[in-house]
Amino acid sequence: MAEADPIDDEEAFGITDRLVSEVMEAVERDDGAFLTETLDNMHPADVAHLLEQIDTKDRRALLTAWPGNLEGEVLSELDEELREEVIGQLDPEELADAVRDLESDDVVDLVEYLDDTQTEAVLDALDASDRVVVEQALSYPEESAGRHMQSELVRAPEHWTVGEMIDYLRSDVVLPDQFYHVILVDPRLKALGYVTLGRVLSHPRDTLLRDLKEDTFRTFHVEQDVEEVAQAINHYHMITAPVVDDDDRIVGVITIDDAMMFLEEEAEEDILRLAGVGEGSLSDRVIATTKSRFPWLAVNLLTAIFASLVISLFEETIAGLVALAVLMPIVASMGGNAGTQSLTVAVRALATRDLTTANVWRVIKREVLVGLINGLIFAVVMGAVGVVWFGSPMLGVVIAVAMVINMVVAGLAGTVIPVLLEKIGIDPALASGAFVTTVTDVVGFFAFLGLAAMWLL
């Protein structure tokens, strides 16, 4: 039996380089029929990906040559920077067609980062009732549940039966494109519970909805942080998170697909911030990328100068034993890497609420002990290197002791610094790296050169 060819990762889903080339060739020959046949049948996420793969000039040419209508879902899938660019190229009628069929939360996400002119263009394209809903959502704080909730939902009195619910769903009432729960309410629209569609469809018509309520039901306030809501959905394995106002009246829902998107974006944000690149993407322009990276490069320069000042205190020591200049970067580098490991674990644990006041000391103790054990192991290695390489047993002892000290401090700093930064309201993902690196560099240089000054000269 012939062995199947492995599927190329790039062709497993989404677009391929070949498809991009074919589309751009069609643009060059102004083949609108090919573009319509190809792009209109593609998933919105794939169309957005294609638009992100090409440069500004080609994007403009493609949108001009493509006679089809750009779907609103494509706009919501685009990177924020590109979204503004593409919307700016659409005329009012095209924009109206694009956003008219979007859910309210997608429209809010669409206009959230646009300038006033573009925002007004999108809002003007909506029906009056939809515009009111979107403007109400925009009035909530930026990272709140109210800002990101979907106002389209299905409500029902808890005294209804399954039969009444099914008849209602089959009537001419306007329903969301996708929904998973029926929210049960009292006459004042106060949320009392919810029932999954599966339970509605699998029970006799005379069953009361209140008897089918899910145990996982809980509500979230409109001003609660949307990341907390997303984490709660993930923690409690919820599908729908009802959002209520000050009077506990149901005003919207956040669904599991949106929650997973929020958590993924937050994880990406933390990774980028740990590297000091903010929220940059491949589609950002040179100036924007430079501006986002410059501040933390400047901070790193200052911390490097500080570490150099520590080295300058031991000029005579280094001049007296050149081997110190060869070996001291090793101590600082090992400490920096160990600190980054602890820091990454701590920042992620803070983001997921796994690292709390209740367990912080246990985690700190663990990281210090890990640093101590790793330090002792590598101290033996570097002690032997010092003896074999430079023929000085005492030099081996100096670098071994310095290695242990710096690895222990790295484990401590990598955990304590992000915790302290969060306590004082500074994003630990953004600021911790520079501080931890500074601590490990300074301690590493000071321990190694200081011990050398005392024991070798």
# chains A, B, ... in the order shown; residues from 1 in each chain; ligands from 1
>>> residues_around(residues="Ala45 of chain A", least_positions_apart="2", cutoff="7 Å", atoms="only C-alpha atoms", output="PyMOL selection string")
chain A and resi 43+47-49+74+77
>>> write_last_selection(atoms="N, CA and C atoms", output="PDB file, in the first residue's frame")
ATOM      1  N   HIS A  43     -13.754  31.609   2.750  1.00  0.00           N
ATOM      2  CA  HIS A  43     -14.146  31.992   4.112  1.00  0.00           C
ATOM      3  C   HIS A  43     -13.641  33.409   4.390  1.00  0.00           C
ATOM      4  N   VAL A  47     -10.089  35.425   3.247  1.00  0.00           N
ATOM      5  CA  VAL A  47     -10.009  36.665   2.470  1.00  0.00           C
ATOM      6  C   VAL A  47      -9.198  37.704   3.243  1.00  0.00           C
ATOM      7  N   ALA A  48      -9.468  37.805   4.541  1.00  0.00           N
ATOM      8  CA  ALA A  48      -8.717  38.753   5.375  1.00  0.00           C
ATOM      9  C   ALA A  48      -7.236  38.400   5.385  1.00  0.00           C
ATOM     10  N   HIS A  49      -6.930  37.106   5.481  1.00  0.00           N
ATOM     11  CA  HIS A  49      -5.533  36.667   5.484  1.00  0.00           C
ATOM     12  C   HIS A  49      -4.853  37.032   4.174  1.00  0.00           C
ATOM     13  N   VAL A  74     -15.251  39.948   6.847  1.00  0.00           N
ATOM     14  CA  VAL A  74     -13.864  40.110   6.414  1.00  0.00           C
ATOM     15  C   VAL A  74     -13.236  41.282   7.149  1.00  0.00           C
ATOM     16  N   GLU A  77     -12.297  40.434  10.642  1.00  0.00           N
ATOM     17  CA  GLU A  77     -11.167  39.517  10.751  1.00  0.00           C
ATOM     18  C   GLU A  77      -9.833  40.214  10.496  1.00  0.00           C
TER      19      GLU A  77
END
>>> select_by_dssp(residues="segment 160-205 of chain A", states="strand (DSSP E)", output="ChimeraX atom specification")
/A:181-185,191-196
>>> closest_residue(among="A:Gly396, A:Gly320, A:Gly32, A:Gly414", to="Ala65 of chain A", atoms="only C-alpha atoms")
A:Gly32
>>> closest_residue(among="A:Gly193, A:Gly339, A:Pro393, A:Gly411", to="Val370 of chain A", atoms="only C-alpha atoms")
A:Gly411
>>> residues_around(residues="Gln178 of chain A", least_positions_apart="2", cutoff="10 Å", atoms="only C-alpha atoms", output="JSON, numbers by chain")
{"A": [103, 152, 153, 175, 176, 180, 181, 255]}
>>> residues_around(residues="Val251 of chain A", least_positions_apart="4", cutoff="8 Å", atoms="only C-alpha atoms", output="VMD selection string")
chain A and resid 151 242 to 245
>>> closest_residue(among="A:Glu81, A:Thr117, A:Arg218, A:Ile250", to="Ala156 of chain A", atoms="only C-alpha atoms")
A:Ile250
>>> select_by_dssp(residues="segment 50-274 of chain A", states="alpha helix (DSSP H)", output="number ranges by chain")
A: 50-53, 56-65, 72-77, 80-89, 92-99, 104-111, 116-124, 128-138, 145-148, 162-170, 197-201, 226-235, 256-274
>>> residues_around(residues="Ala304 of chain A", least_positions_apart="3", cutoff="10 Å", atoms="only C-alpha atoms", output="list in words")
Ala298, Val299, Asn300, Leu301, Ala307, Ser308, Leu309, Val310, Ala434, Thr437, Thr438, Asp441 and Val442 of chain A
>>> atom_distance(atom1="atom CA of Glu223 of chain A", atom2="atom CA of Asp427 of chain A")
20.3 Å
>>> residues_around(residues="segment 363-367 of chain A", least_positions_apart="4", cutoff="7 Å", atoms="only C-alpha atoms", output="list in words")
Ser342, Asn359, Gly371, Gly411, Leu412 and Thr415 of chain A
>>> write_last_selection(atoms="N, CA and C atoms", output="PDB file, in the first residue's frame")
ATOM      1  N   SER A 342      11.655  32.243  34.988  1.00  0.00           N
ATOM      2  CA  SER A 342      10.767  32.493  36.131  1.00  0.00           C
ATOM      3  C   SER A 342       9.772  33.595  35.817  1.00  0.00           C
ATOM      4  N   ASN A 359      -0.983  31.862  47.195  1.00  0.00           N
ATOM      5  CA  ASN A 359       0.086  30.921  46.857  1.00  0.00           C
ATOM      6  C   ASN A 359       1.381  31.597  46.423  1.00  0.00           C
ATOM      7  N   GLY A 371      16.248  27.784  41.299  1.00  0.00           N
ATOM      8  CA  GLY A 371      17.447  28.549  40.987  1.00  0.00           C
ATOM      9  C   GLY A 371      18.659  28.036  41.735  1.00  0.00           C
ATOM     10  N   GLY A 411      15.789  33.577  40.165  1.00  0.00           N
ATOM     11  CA  GLY A 411      14.508  32.955  40.486  1.00  0.00           C
ATOM     12  C   GLY A 411      13.644  33.852  41.348  1.00  0.00           C
ATOM     13  N   LEU A 412      14.288  34.542  42.322  1.00  0.00           N
ATOM     14  CA  LEU A 412      13.562  35.448  43.216  1.00  0.00           C
ATOM     15  C   LEU A 412      13.037  36.655  42.442  1.00  0.00           C
ATOM     16  N   THR A 415      10.088  36.218  39.891  1.00  0.00           N
ATOM     17  CA  THR A 415       8.751  36.040  40.463  1.00  0.00           C
ATOM     18  C   THR A 415       8.282  37.280  41.215  1.00  0.00           C
TER      19      THR A 415
END
>>> closest_residue(among="A:Leu451, A:Val381, A:Met407, A:Val387", to="Gln341 of chain A", atoms="only C-alpha atoms")
A:Met407
>>> closest_residue(among="A:Ala346, A:Ala351, A:Val326, A:Val286", to="Glu269 of chain A", atoms="only C-alpha atoms")
A:Ala351
>>> residues_around(residues="Leu110 of chain A", least_positions_apart="3", cutoff="10 Å", atoms="only C-alpha atoms", output="list in words")
Gly72, Glu73, Leu75, Ser76, Glu77, Leu78, Glu80, Arg83, Glu84, Ile87, Val99, Leu102, Ser104, Asp105, Asp106, Val107, Tyr113, Leu114, Thr119 and Val122 of chain A
>>> write_last_selection(atoms="N, CA, C and O atoms", output="mmCIF file, in the first residue's frame")
data_model
loop_
_atom_site.group_PDB
_atom_site.id
_atom_site.type_symbol
_atom_site.label_atom_id
_atom_site.label_comp_id
_atom_site.auth_asym_id
_atom_site.auth_seq_id
_atom_site.Cartn_x
_atom_site.Cartn_y
_atom_site.Cartn_z
ATOM 1 N N GLY A 72 -18.805 42.137 5.786
ATOM 2 C CA GLY A 72 -18.439 42.724 7.064
ATOM 3 C C GLY A 72 -17.573 41.802 7.889
ATOM 4 O O GLY A 72 -16.704 42.249 8.646
ATOM 5 N N GLU A 73 -17.773 40.486 7.749
ATOM 6 C CA GLU A 73 -16.971 39.533 8.515
ATOM 7 C C GLU A 73 -15.501 39.596 8.111
ATOM 8 O O GLU A 73 -14.619 39.320 8.920
ATOM 9 N N LEU A 75 -13.966 42.383 7.263
ATOM 10 C CA LEU A 75 -13.458 43.557 7.976
ATOM 11 C C LEU A 75 -13.171 43.233 9.435
ATOM 12 O O LEU A 75 -12.166 43.669 9.991
ATOM 13 N N SER A 76 -14.052 42.472 10.070
ATOM 14 C CA SER A 76 -13.853 42.150 11.489
ATOM 15 C C SER A 76 -12.679 41.200 11.695
ATOM 16 O O SER A 76 -12.110 41.142 12.787
ATOM 17 N N GLU A 77 -12.297 40.434 10.642
ATOM 18 C CA GLU A 77 -11.167 39.517 10.751
ATOM 19 C C GLU A 77 -9.833 40.214 10.496
ATOM 20 O O GLU A 77 -8.784 39.704 10.869
ATOM 21 N N LEU A 78 -9.862 41.394 9.870
ATOM 22 C CA LEU A 78 -8.631 42.087 9.507
ATOM 23 C C LEU A 78 -7.905 42.648 10.727
ATOM 24 O O LEU A 78 -8.532 42.991 11.738
ATOM 25 N N GLU A 80 -6.185 45.511 12.873
ATOM 26 C CA GLU A 80 -6.759 46.845 13.089
ATOM 27 C C GLU A 80 -6.211 47.888 12.115
ATOM 28 O O GLU A 80 -6.954 48.703 11.565
ATOM 29 N N ARG A 83 -7.640 47.328 8.749
ATOM 30 C CA ARG A 83 -9.078 47.584 8.745
ATOM 31 C C ARG A 83 -9.367 49.042 8.427
ATOM 32 O O ARG A 83 -10.242 49.368 7.622
ATOM 33 N N GLU A 84 -8.625 49.940 9.068
ATOM 34 C CA GLU A 84 -8.812 51.368 8.800
ATOM 35 C C GLU A 84 -8.519 51.685 7.335
ATOM 36 O O GLU A 84 -9.240 52.445 6.692
ATOM 37 N N ILE A 87 -11.391 50.204 5.064
ATOM 38 C CA ILE A 87 -12.634 50.962 5.213
ATOM 39 C C ILE A 87 -12.520 52.315 4.532
ATOM 40 O O ILE A 87 -13.479 52.801 3.915
ATOM 41 N N VAL A 99 -21.467 46.127 6.718
ATOM 42 C CA VAL A 99 -21.705 46.074 8.170
ATOM 43 C C VAL A 99 -23.151 45.754 8.530
ATOM 44 O O VAL A 99 -23.445 45.464 9.689
ATOM 45 N N LEU A 102 -23.783 42.302 10.271
ATOM 46 C CA LEU A 102 -22.923 41.913 11.389
ATOM 47 C C LEU A 102 -23.689 41.929 12.710
ATOM 48 O O LEU A 102 -24.617 42.719 12.891
ATOM 49 N N SER A 104 -24.022 42.832 16.704
ATOM 50 C CA SER A 104 -23.689 44.113 17.334
ATOM 51 C C SER A 104 -22.282 44.135 17.898
ATOM 52 O O SER A 104 -21.576 45.146 17.805
ATOM 53 N N ASP A 105 -21.823 43.004 18.487
ATOM 54 C CA ASP A 105 -20.475 42.997 19.064
ATOM 55 C C ASP A 105 -19.406 43.106 17.987
ATOM 56 O O ASP A 105 -18.349 43.705 18.201
ATOM 57 N N ASP A 106 -19.683 42.551 16.794
ATOM 58 C CA ASP A 106 -18.723 42.665 15.700
ATOM 59 C C ASP A 106 -18.661 44.091 15.170
ATOM 60 O O ASP A 106 -17.585 44.575 14.790
ATOM 61 N N VAL A 107 -19.814 44.784 15.146
ATOM 62 C CA VAL A 107 -19.820 46.180 14.706
ATOM 63 C C VAL A 107 -19.036 47.038 15.693
ATOM 64 O O VAL A 107 -18.244 47.900 15.304
ATOM 65 N N TYR A 113 -11.656 51.195 17.042
ATOM 66 C CA TYR A 113 -10.347 51.825 16.845
ATOM 67 C C TYR A 113 -10.293 52.707 15.597
ATOM 68 O O TYR A 113 -9.217 53.107 15.172
ATOM 69 N N LEU A 114 -11.461 53.002 15.010
ATOM 70 C CA LEU A 114 -11.494 53.872 13.843
ATOM 71 C C LEU A 114 -11.519 55.325 14.255
ATOM 72 O O LEU A 114 -11.893 55.664 15.387
ATOM 73 N N THR A 119 -15.854 56.080 11.912
ATOM 74 C CA THR A 119 -16.867 55.582 12.839
ATOM 75 C C THR A 119 -18.251 56.074 12.448
ATOM 76 O O THR A 119 -19.225 55.312 12.436
ATOM 77 N N VAL A 122 -19.624 54.181 9.476
ATOM 78 C CA VAL A 122 -20.142 52.863 9.826
ATOM 79 C C VAL A 122 -21.494 52.991 10.519
ATOM 80 O O VAL A 122 -22.455 52.274 10.199
#
